[in-house]
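Shown next: protein.pdb, containing PDB, C-alpha atoms.
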```
ATOM      1  CA  MET Y   1     -31.420 -47.865 -40.035
ATOM      2  CA  SER Y   2     -33.340 -46.068 -42.782
ATOM      3  CA  GLU Y   3     -32.284 -43.007 -44.729
ATOM      4  CA  ALA Y   4     -32.625 -39.742 -42.779
ATOM      5  CA  ILE Y   5     -35.674 -37.597 -43.511
ATOM      6  CA  SER Y   6     -36.465 -33.991 -42.709
ATOM      7  CA  PHE Y   7     -38.997 -32.883 -40.123
ATOM      8  CA  ASP Y   8     -41.147 -31.622 -43.008
ATOM      9  CA  ASP Y   9     -41.124 -35.163 -44.460
ATOM     10  CA  PHE Y  10     -42.319 -36.502 -41.105
ATOM     11  CA  LEU Y  11     -45.160 -33.954 -41.004
ATOM     12  CA  LYS Y  12     -46.477 -35.291 -44.314
ATOM     13  CA  VAL Y  13     -47.385 -38.587 -42.625
ATOM     14  CA  ASP Y  14     -50.690 -38.024 -40.818
ATOM     15  CA  ILE Y  15     -50.822 -40.533 -37.938
ATOM     16  CA  ARG Y  16     -53.949 -40.363 -35.772
ATOM     17  CA  LYS Y  17     -55.436 -42.169 -32.805
ATOM     18  CA  GLY Y  18     -58.715 -43.964 -33.349
ATOM     19  CA  THR Y  19     -60.970 -46.474 -31.618
ATOM     20  CA  VAL Y  20     -62.042 -49.729 -33.263
ATOM     21  CA  VAL Y  21     -65.849 -49.697 -33.513
ATOM     22  CA  LYS Y  22     -66.402 -52.757 -35.713
ATOM     23  CA  ALA Y  23     -64.328 -55.808 -36.668
ATOM     24  CA  GLU Y  24     -64.977 -59.003 -38.598
ATOM     25  CA  GLN Y  25     -63.071 -61.895 -40.124
ATOM     26  CA  PHE Y  26     -61.881 -61.423 -43.722
ATOM     27  CA  PRO Y  27     -61.965 -64.987 -45.092
ATOM     28  CA  GLU Y  28     -61.601 -63.829 -48.720
ATOM     29  CA  ALA Y  29     -58.137 -62.343 -48.047
ATOM     30  CA  ARG Y  30     -55.122 -64.237 -49.426
ATOM     31  CA  LYS Y  31     -53.418 -64.076 -46.010
ATOM     32  CA  PRO Y  32     -55.439 -64.324 -42.774
ATOM     33  CA  ALA Y  33     -56.818 -60.879 -41.951
ATOM     34  CA  ILE Y  34     -59.459 -58.978 -40.048
ATOM     35  CA  LYS Y  35     -61.554 -56.113 -41.428
ATOM     36  CA  ILE Y  36     -61.666 -53.247 -38.953
ATOM     37  CA  TRP Y  37     -63.549 -49.966 -38.805
ATOM     38  CA  VAL Y  38     -61.867 -47.223 -36.778
ATOM     39  CA  ASP Y  39     -63.497 -44.031 -35.460
ATOM     40  CA  PHE Y  40     -61.202 -40.999 -35.737
ATOM     41  CA  GLY Y  41     -63.724 -38.457 -34.461
ATOM     42  CA  ASP Y  42     -65.791 -35.816 -36.232
ATOM     43  CA  GLU Y  43     -63.037 -34.370 -38.462
ATOM     44  CA  ILE Y  44     -62.053 -37.663 -40.132
ATOM     45  CA  GLY Y  45     -64.927 -39.997 -39.272
ATOM     46  CA  ILE Y  46     -64.916 -43.787 -39.460
ATOM     47  CA  LYS Y  47     -62.343 -45.387 -41.788
ATOM     48  CA  LYS Y  48     -61.788 -49.067 -42.584
ATOM     49  CA  SER Y  49     -58.760 -51.264 -43.010
ATOM     50  CA  SER Y  50     -57.735 -54.855 -43.623
ATOM     51  CA  ALA Y  51     -55.147 -55.938 -41.080
ATOM     52  CA  GLN Y  52     -53.099 -59.146 -40.884
ATOM     53  CA  ILE Y  53     -53.412 -59.353 -37.110
ATOM     54  CA  THR Y  54     -55.140 -62.719 -36.616
ATOM     55  CA  VAL Y  55     -52.405 -64.295 -34.460
ATOM     56  CA  HIS Y  56     -52.860 -61.929 -31.494
ATOM     57  CA  TYR Y  57     -56.374 -60.581 -32.064
ATOM     58  CA  ASN Y  58     -59.910 -61.708 -32.774
ATOM     59  CA  PRO Y  59     -62.687 -59.408 -34.004
ATOM     60  CA  ASP Y  60     -64.699 -59.320 -30.762
ATOM     61  CA  ALA Y  61     -61.679 -58.402 -28.629
ATOM     62  CA  LEU Y  62     -60.764 -55.508 -30.959
ATOM     63  CA  ILE Y  63     -63.945 -53.520 -30.298
ATOM     64  CA  GLY Y  64     -63.017 -50.485 -28.183
ATOM     65  CA  LYS Y  65     -59.264 -50.911 -28.739
ATOM     66  CA  GLU Y  66     -57.366 -47.652 -29.233
ATOM     67  CA  VAL Y  67     -54.990 -47.813 -32.212
ATOM     68  CA  MET Y  68     -52.724 -45.555 -34.229
ATOM     69  CA  ALA Y  69     -53.048 -45.377 -38.015
ATOM     70  CA  VAL Y  70     -51.826 -43.463 -41.052
ATOM     71  CA  VAL Y  71     -54.920 -41.707 -42.373
ATOM     72  CA  ASN Y  72     -53.558 -39.922 -45.451
ATOM     73  CA  PHE Y  73     -52.576 -42.826 -47.719
ATOM     74  CA  PRO Y  74     -54.749 -43.251 -50.803
ATOM     75  CA  PRO Y  75     -57.352 -46.048 -50.482
ATOM     76  CA  ARG Y  76     -56.162 -49.509 -51.544
ATOM     77  CA  GLN Y  77     -58.294 -52.329 -52.893
ATOM     78  CA  ILE Y  78     -57.791 -55.587 -50.965
ATOM     79  CA  GLY Y  79     -59.915 -58.151 -52.796
ATOM     80  CA  LYS Y  80     -63.475 -56.821 -52.655
ATOM     81  CA  PHE Y  81     -62.645 -54.596 -49.664
ATOM     82  CA  MET Y  82     -61.385 -50.997 -49.874
ATOM     83  CA  SER Y  83     -58.755 -50.295 -47.201
ATOM     84  CA  GLU Y  84     -58.628 -46.586 -46.338
ATOM     85  CA  ILE Y  85     -56.013 -46.445 -43.558
ATOM     86  CA  LEU Y  86     -52.864 -48.246 -42.418
ATOM     87  CA  VAL Y  87     -53.195 -49.415 -38.820
ATOM     88  CA  LEU Y  88     -49.758 -49.451 -37.178
ATOM     89  CA  GLY Y  89     -48.048 -52.224 -35.268
ATOM     90  CA  VAL Y  90     -44.680 -53.707 -34.481
ATOM     91  CA  PRO Y  91     -43.533 -57.320 -34.861
ATOM     92  CA  ASP Y  92     -43.204 -59.620 -31.880
ATOM     93  CA  GLU Y  93     -40.297 -62.083 -31.667
ATOM     94  CA  ALA Y  94     -42.024 -64.364 -34.205
ATOM     95  CA  GLY Y  95     -42.703 -61.480 -36.617
ATOM     96  CA  GLU Y  96     -46.444 -61.305 -35.835
ATOM     97  CA  VAL Y  97     -48.109 -57.892 -35.603
ATOM     98  CA  VAL Y  98     -48.769 -56.284 -32.232
ATOM     99  CA  LEU Y  99     -50.880 -53.133 -32.591
ATOM    100  CA  ILE Y 100     -49.654 -49.862 -31.109
ATOM    101  CA  GLY Y 101     -51.764 -47.279 -29.319
ATOM    102  CA  PRO Y 102     -51.558 -44.704 -26.544
ATOM    103  CA  ASP Y 103     -51.093 -45.890 -22.964
ATOM    104  CA  GLN Y 104     -53.671 -43.363 -21.762
ATOM    105  CA  THR Y 105     -57.045 -42.383 -23.214
ATOM    106  CA  VAL Y 106     -56.785 -39.544 -25.726
ATOM    107  CA  PRO Y 107     -59.451 -38.123 -28.051
ATOM    108  CA  ASN Y 108     -60.208 -39.891 -31.326
ATOM    109  CA  GLY Y 109     -58.431 -38.059 -34.137
ATOM    110  CA  ALA Y 110     -55.507 -36.883 -31.961
ATOM    111  CA  ARG Y 111     -52.456 -36.481 -34.193
ATOM    112  CA  LEU Y 112     -49.094 -38.051 -33.389
ATOM    113  CA  PHE Y 113     -46.276 -35.547 -32.961
TER     114      PHE Y 113
END
```
Written form, structure tokens:
Amino acid sequence: MSEAISFDDFLKVDIRKGTVVKAEQFPEARKPAIKIWVDFGDEIGIKKSSAQITVHYNPDALIGKEVMAVVNFPPRQIGKFMSEILVLGVPDEAGEVVLIGPDQTVPNGARLF
């Protein structure tokens, strides 16, 4: 288990629900990845990310998928692509990423609490 944090520390991490609106292969990445664009609603808008999720997902199947992501990390350059968010997932038994999202429809931009 990790070191304990305060509730105020938790509040610093801005995790929001978004919907994937665009996805494409990222062949230039060092490890297999998919470029995704996620709509977080009017307040945040559409943000992009590079995600190493190619084992369980293909770009076409990701369109419309509801995901959770950290939206307040600074942008990070991944090759020629600027990743603006960290899409969240958990590892399956083989260590491959399975994306997490709500089990019911909620508005884009809804904050995790």
Residues around (-62.9, -50.1, -29.6), cut-off 8 Å, counting all atoms listed in the file - what are they as a CSV table (one decimal) with C-alpha atoms, in the frame of the given file?
```csv
chain,number,residue,atom,x,y,z
Y,19,THR,CA,-61.0,-46.5,-31.6
Y,20,VAL,CA,-62.0,-49.7,-33.3
Y,21,VAL,CA,-65.8,-49.7,-33.5
Y,22,LYS,CA,-66.4,-52.8,-35.7
Y,38,VAL,CA,-61.9,-47.2,-36.8
Y,62,LEU,CA,-60.8,-55.5,-31.0
Y,63,ILE,CA,-63.9,-53.5,-30.3
Y,64,GLY,CA,-63.0,-50.5,-28.2
Y,65,LYS,CA,-59.3,-50.9,-28.7
Y,66,GLU,CA,-57.4,-47.7,-29.2
```
Nearest to Y:Val106 by atom-to-atom distance, counting all atoms listed in the file, from Y:Lys17, Y:Phe26, Y:Met82, Y:Asn58: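 For Y:Val106, the nearest of the given residues is Y:Lys17.
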Give the padded box for stretch 41-45 of chain Y as AutoDock Vina command-line options: axis-aligned, covering all atoms listed in the file, 8 Å on each side, centre and edge lengths in Å to one decimal.
```
--center_x -63.9 --center_y -37.2 --center_z -37.3 --size_x 19.7 --size_y 21.6 --size_z 21.7
```
Distance query 12 Å from (-49.0, -39.0, -33.8) using all atoms listed in the file, result as a ChimeraX atom specification: /Y:10-18,67-71,88,100-102,106-113
Name the closest residue to Y:Asp60 among the candidates Y:Leu86, Y:Phe40, Y:Ile34, Y:Pro75; distances are taken between atoms, counting all atoms listed in the file.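 Looking at the shortest contact to Y:Asp60, the residue is Y:Ile34.
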Looking at only C-alpha atoms, which of Y:Ile44, Y:Val55, Y:Val90, Y:Ala61 is the one that sits closest to Y:Lys31?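 Looking only at the distances to Y:Lys31, the closest residue turns out to be Y:Val55.
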Can you turn the PyMOL selection byres ((chain Y and resi 30) around 12) into a concrete residue list for this file, as a VMD selection string? chain Y and resid 26 to 29 31 to 34 50 to 52 78 to 80
